[in-house]
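First comes the structure, then the notes that go with it.
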Amino acid sequence: MIALGSDARAALATRAHALSVAELRDFFPALVLVPHPDDETLGCGGLIATSASLGLPLKLAFLTDGGSSHLGSPTWTRERLVRTRAREARAAVRGLGADQCEIDFLRWPDGEPHSRDSARFEQTVRRLERWVSGWGLSSIWATWAREPHADHRAAAAVADALAQRLSPKPARMSYLVWGWQLPELAEAPSASRLACAAAIGRRRRALACHRTQTSGLVHDAAEGFCIPPELAALTDEPDEYYLPCH
């Protein structure tokens with residue numbers, strides 16, 4: 001589980017560079033790649049909310065369809081769950097204040113990421129390349145490549161591949177979801193910190209939009225996921241931390 005008071009977090013906090021508004025602006029226009037609906041709020045809800053309040057241009061792409069969070073439900077088919085999670089994602093983005101944010105759903109199967117050498121991986125990178133073409137993209141944000149979830153690592157791989165295709169090459173930044181539990185986080189050479197205490201209320205409301213993940217809405221699944229309190233507590237943190245990809 002997430003250890004918000006861990007030595008790794010404390011070590012990261014002591015050397016993190018505080019992002020000023022001027023520095024944050026330099027990262028935009030920005031693309032945020034999200035492994036599953038809800039990771040946008042848990043990992044970078046503060047970034048999304050702050051950019052929206054500043055009127056900074058942002059695009060948001062959800063990599064997987066989230067359809068494997070609850071298995072074996074007689075009332076919630078996979079198709080129903082996928083449709084619902086997409087609606088929850090849109091509601092959460094609105095809850096963060098990013099009403100004008102462009103959103104794309106890439107529809108990878110939840111929990112079954114495509115490999116770098118697959119046709120679907122290549123199609124995804126090309127799709128994103130077309131989406132940001134001519135937009136003046138300054139940065140791409142995705143989950144940390146060391147996160148202990150295959151879909152999160154896949155999001156980082158897609159972001160890396162896309163960054164290599166673009167000219168000029170955008171900055172690559174990582175945000176953390178499950179990565180907070182990893183002791184190697186303490187070894188990260190540098191980090192940036194965004195003060196976003198003003199967005200805590202919006203982040204909490206956005207997370208609540210993901211009812212399939214935060215409540216007993218899907219009550220009859222043989223296997224069901226619910227965001228644990230330790231992870232949900234990320235929305236209460238006054239700062240978010242990001243790692244640069246070198």
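In the structure tokens, each chain is lettered A, B, ... as it comes, each chain's residues begin at 1, and ligands are numbered from 1 in order of appearance.
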Report task. Identify, on the basis of only C-alpha atoms, every residue whose closest approach to Arg15 of chain A does not exceed 9 Å; exclude the query and any residue fewer than 5 positions from it along the same chain; express the result as a PyMOL selection string. Result -> chain A and resi 189-192
Just the residues within 12 Å of Trp178 of chain A, please, counting only C-alpha atoms, with nothing from its chain fewer than 4 positions along; format it as a compact mmCIF listing (two decimals) with C-alpha atoms, in the first residue's frame.
```txt
# COMPACT_ATOMS: atom_id res chain seq x y z
CA MET A 1 0.00 0.00 0.00
CA ILE A 2 0.95 3.64 -0.26
CA ALA A 3 3.14 4.88 2.56
CA LEU A 4 2.66 8.64 2.43
CA PRO A 35 -3.32 4.27 -17.63
CA ASP A 39 -5.25 7.67 -12.26
CA LEU A 42 -4.76 10.24 -8.04
CA GLY A 43 -1.50 10.98 -9.83
CA THR A 143 2.97 7.35 -14.93
CA TRP A 144 6.45 6.47 -13.71
CA ALA A 145 8.07 3.69 -15.74
CA ARG A 146 8.88 1.76 -12.53
CA GLU A 147 5.32 1.63 -11.23
CA PRO A 148 4.28 -1.89 -10.12
CA HIS A 149 1.46 -2.20 -12.65
CA ALA A 150 1.92 -3.28 -16.25
CA ASP A 151 -0.58 -0.73 -17.60
CA HIS A 152 1.23 2.09 -15.82
CA ARG A 153 4.54 1.01 -17.29
CA LEU A 182 8.66 1.66 -3.95
CA PRO A 183 11.85 2.18 -1.91
CA LEU A 185 11.88 6.26 -5.24
CA ILE A 227 -9.37 2.25 -4.25
CA PRO A 228 -7.83 1.70 -0.80
CA GLU A 230 -4.08 4.91 1.53
CA LEU A 231 -4.26 5.56 -2.20
CA ALA A 232 -7.31 7.82 -2.06
CA LEU A 234 -3.21 11.20 -2.38
```
Query raised in the report: What lies within 12 Å of Asp99 of chain A using only C-alpha atoms, ignoring chain neighbours under 2 positions off, as a ChimeraX atom specification?
Result: /A:48-49,51-53,55-60,89-97,101-103
Using DSSP secondary structure from the backbone, list all strand (DSSP E) positions within segment 39-237 of chain A, as a PDB file with N, CA and C atoms, in the first residue's frame.
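Printed below is selection_34.pdb as written:
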```pdb
ATOM      1  N   LEU A  58      -4.342  21.773 -22.495  1.00  0.00           N
ATOM      2  CA  LEU A  58      -4.051  20.419 -22.043  1.00  0.00           C
ATOM      3  C   LEU A  58      -4.899  19.418 -22.814  1.00  0.00           C
ATOM      4  N   LYS A  59      -4.279  18.297 -23.171  1.00  0.00           N
ATOM      5  CA  LYS A  59      -4.998  17.162 -23.732  1.00  0.00           C
ATOM      6  C   LYS A  59      -4.759  15.963 -22.831  1.00  0.00           C
ATOM      7  N   LEU A  60      -5.783  15.108 -22.727  1.00  0.00           N
ATOM      8  CA  LEU A  60      -5.757  13.983 -21.805  1.00  0.00           C
ATOM      9  C   LEU A  60      -6.145  12.721 -22.563  1.00  0.00           C
ATOM     10  N   ALA A  61      -5.275  11.697 -22.537  1.00  0.00           N
ATOM     11  CA  ALA A  61      -5.554  10.437 -23.221  1.00  0.00           C
ATOM     12  C   ALA A  61      -5.570   9.301 -22.209  1.00  0.00           C
ATOM     13  N   PHE A  62      -6.659   8.543 -22.192  1.00  0.00           N
ATOM     14  CA  PHE A  62      -6.788   7.379 -21.317  1.00  0.00           C
ATOM     15  C   PHE A  62      -6.383   6.146 -22.100  1.00  0.00           C
ATOM     16  N   LEU A  63      -5.371   5.445 -21.610  1.00  0.00           N
ATOM     17  CA  LEU A  63      -4.809   4.326 -22.359  1.00  0.00           C
ATOM     18  C   LEU A  63      -5.727   3.113 -22.362  1.00  0.00           C
ATOM     19  N   THR A  64      -6.155   2.639 -21.192  1.00  0.00           N
ATOM     20  CA  THR A  64      -6.974   1.427 -21.133  1.00  0.00           C
ATOM     21  C   THR A  64      -8.437   1.780 -20.875  1.00  0.00           C
ATOM     22  N   HIS A  70     -13.713  -5.029 -12.279  1.00  0.00           N
ATOM     23  CA  HIS A  70     -14.704  -5.863 -11.604  1.00  0.00           C
ATOM     24  C   HIS A  70     -15.072  -7.016 -12.534  1.00  0.00           C
ATOM     25  N   LEU A  71     -14.768  -8.216 -12.108  1.00  0.00           N
ATOM     26  CA  LEU A  71     -14.965  -9.388 -12.952  1.00  0.00           C
ATOM     27  C   LEU A  71     -16.045 -10.296 -12.374  1.00  0.00           C
ATOM     28  N   GLU A 102      -9.322  18.615 -23.973  1.00  0.00           N
ATOM     29  CA  GLU A 102      -9.641  17.598 -24.973  1.00  0.00           C
ATOM     30  C   GLU A 102      -9.287  16.219 -24.422  1.00  0.00           C
ATOM     31  N   ILE A 103     -10.185  15.255 -24.642  1.00  0.00           N
ATOM     32  CA  ILE A 103     -10.016  13.910 -24.096  1.00  0.00           C
ATOM     33  C   ILE A 103     -10.095  12.885 -25.223  1.00  0.00           C
ATOM     34  N   ASP A 104      -9.218  11.873 -25.141  1.00  0.00           N
ATOM     35  CA  ASP A 104      -9.275  10.754 -26.075  1.00  0.00           C
ATOM     36  C   ASP A 104      -9.212   9.459 -25.270  1.00  0.00           C
ATOM     37  N   PHE A 105      -9.950   8.459 -25.723  1.00  0.00           N
ATOM     38  CA  PHE A 105      -9.945   7.142 -25.097  1.00  0.00           C
ATOM     39  C   PHE A 105      -9.329   6.157 -26.088  1.00  0.00           C
ATOM     40  N   LEU A 106      -8.180   5.597 -25.716  1.00  0.00           N
ATOM     41  CA  LEU A 106      -7.405   4.755 -26.624  1.00  0.00           C
ATOM     42  C   LEU A 106      -7.848   3.295 -26.600  1.00  0.00           C
ATOM     43  N   ARG A 107      -8.607   2.899 -25.596  1.00  0.00           N
ATOM     44  CA  ARG A 107      -9.308   1.613 -25.550  1.00  0.00           C
ATOM     45  C   ARG A 107      -8.407   0.380 -25.552  1.00  0.00           C
ATOM     46  N   TRP A 108      -7.244   0.470 -24.949  1.00  0.00           N
ATOM     47  CA  TRP A 108      -6.481  -0.754 -24.735  1.00  0.00           C
ATOM     48  C   TRP A 108      -7.233  -1.610 -23.714  1.00  0.00           C
ATOM     49  N   SER A 139       5.238  19.271 -23.525  1.00  0.00           N
ATOM     50  CA  SER A 139       5.563  18.211 -22.572  1.00  0.00           C
ATOM     51  C   SER A 139       4.562  17.068 -22.664  1.00  0.00           C
ATOM     52  N   ILE A 140       5.030  15.887 -22.266  1.00  0.00           N
ATOM     53  CA  ILE A 140       4.199  14.699 -22.170  1.00  0.00           C
ATOM     54  C   ILE A 140       4.368  14.134 -20.765  1.00  0.00           C
ATOM     55  N   TRP A 141       3.250  13.863 -20.103  1.00  0.00           N
ATOM     56  CA  TRP A 141       3.244  13.358 -18.736  1.00  0.00           C
ATOM     57  C   TRP A 141       2.607  11.977 -18.726  1.00  0.00           C
ATOM     58  N   ALA A 142       3.223  11.045 -18.016  1.00  0.00           N
ATOM     59  CA  ALA A 142       2.679   9.696 -17.878  1.00  0.00           C
ATOM     60  C   ALA A 142       3.140   9.126 -16.544  1.00  0.00           C
ATOM     61  N   THR A 143       2.569   8.011 -16.172  1.00  0.00           N
ATOM     62  CA  THR A 143       2.965   7.354 -14.929  1.00  0.00           C
ATOM     63  C   THR A 143       4.430   6.919 -15.004  1.00  0.00           C
ATOM     64  N   ALA A 171       9.367  17.845 -23.443  1.00  0.00           N
ATOM     65  CA  ALA A 171       9.837  17.353 -22.148  1.00  0.00           C
ATOM     66  C   ALA A 171       8.993  16.147 -21.731  1.00  0.00           C
ATOM     67  N   ARG A 172       9.651  15.210 -21.039  1.00  0.00           N
ATOM     68  CA  ARG A 172       8.949  14.023 -20.537  1.00  0.00           C
ATOM     69  C   ARG A 172       8.968  14.045 -19.015  1.00  0.00           C
ATOM     70  N   MET A 173       7.773  14.001 -18.435  1.00  0.00           N
ATOM     71  CA  MET A 173       7.644  14.016 -16.988  1.00  0.00           C
ATOM     72  C   MET A 173       6.821  12.820 -16.531  1.00  0.00           C
ATOM     73  N   SER A 174       7.126  12.338 -15.329  1.00  0.00           N
ATOM     74  CA  SER A 174       6.404  11.210 -14.752  1.00  0.00           C
ATOM     75  C   SER A 174       5.671  11.647 -13.487  1.00  0.00           C
ATOM     76  N   TYR A 175       4.479  11.110 -13.308  1.00  0.00           N
ATOM     77  CA  TYR A 175       3.755  11.307 -12.053  1.00  0.00           C
ATOM     78  C   TYR A 175       3.591   9.952 -11.373  1.00  0.00           C
ATOM     79  N   SER A 192      10.282  17.478  -9.185  1.00  0.00           N
ATOM     80  CA  SER A 192       9.637  18.782  -9.135  1.00  0.00           C
ATOM     81  C   SER A 192       8.412  18.673  -8.246  1.00  0.00           C
ATOM     82  N   ARG A 193       8.121  19.749  -7.550  1.00  0.00           N
ATOM     83  CA  ARG A 193       6.984  19.768  -6.633  1.00  0.00           C
ATOM     84  C   ARG A 193       6.039  20.892  -7.032  1.00  0.00           C
ATOM     85  N   LEU A 194       4.748  20.541  -7.135  1.00  0.00           N
ATOM     86  CA  LEU A 194       3.727  21.536  -7.441  1.00  0.00           C
ATOM     87  C   LEU A 194       2.846  21.730  -6.218  1.00  0.00           C
ATOM     88  N   ALA A 195       2.784  22.947  -5.712  1.00  0.00           N
ATOM     89  CA  ALA A 195       1.911  23.261  -4.587  1.00  0.00           C
ATOM     90  C   ALA A 195       0.477  23.352  -5.108  1.00  0.00           C
ATOM     91  N   GLU A 223     -14.784 -10.683  -8.473  1.00  0.00           N
ATOM     92  CA  GLU A 223     -13.522 -10.022  -8.148  1.00  0.00           C
ATOM     93  C   GLU A 223     -13.696  -8.540  -8.423  1.00  0.00           C
ATOM     94  N   GLY A 224     -13.583  -7.730  -7.403  1.00  0.00           N
ATOM     95  CA  GLY A 224     -13.783  -6.302  -7.578  1.00  0.00           C
ATOM     96  C   GLY A 224     -12.695  -5.485  -6.924  1.00  0.00           C
TER      97      GLY A 224
END
```
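Across A:Asp65, A:Asp239, A:Asp160, A:Asp110, the tightest approach to Glu129 of chain A is made by A:Asp160 when counting only C-alpha atoms.
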Requested in this report: Record the distance separating atom CA of Pro238 of chain A and atom CA of Cys196 of chain A, expressed in Å with one decimal.
Outcome: 5.4 Å
Report task. Pick out the residues sitting within 8 Å of Arg85 of chain A, and hand them over as a list of chain:residue names; count only C-alpha atoms, and ignore anything fewer than 6 positions along from it in its own chain. Result -> A:Pro37, A:Asp65, A:Gly66, A:Gly67, A:His210, A:Thr212
Query raised in the report: Please, what distance in Å, to one decimal, runs between atom CA of His17 of chain A and atom CA of Cys245 of chain A?
Result: 14.9 Å
Report task. Write down as a ChimeraX atom specification the residues of segment 8-201 of chain A whose backbone DSSP state falls under helix (DSSP H, G or I). Result -> /A:8-15,21-25,39-53,78-95,119-132,150-165,178-181,183-187,197-201
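The spacing separating atom CA of Pro74 of chain A from atom CA of Val34 of chain A amounts to 28.3 Å.
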Requested in this report: Check the smallest atom-to-atom distance from each of A:Thr214, A:Thr124, A:Thr14, A:Thr77 to Ala157 of chain A using only C-alpha atoms, then report the winner.
Outcome: A:Thr124
Query raised in the report: Which residue, A:His246, A:Arg9, A:Arg116, A:Arg80, has the smallest gap to Ala186 of chain A when you use only C-alpha atoms?
Result: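 Checking each of A:His246, A:Arg9, A:Arg116, A:Arg80 against Ala186 of chain A, counting only C-alpha atoms, the winner is A:Arg9.
For Leu128 of chain A, the non-local neighbours within 10 Å, defined as residues at least 2 positions apart in the same chain or in other chains and counting only C-alpha atoms, are Leu31, Leu33, Ala61, Asp104, Leu106, Gln123, Thr124, Val125, Arg126, Arg130, Trp131, Val132, Ser133, Val158, Ala159 and Leu162 of chain A.
Distances to Ala221 of chain A were evaluated for A:Arg78, A:Ser20, A:Gly134, A:Glu112 using only C-alpha atoms, and the minimum falls at A:Arg78.
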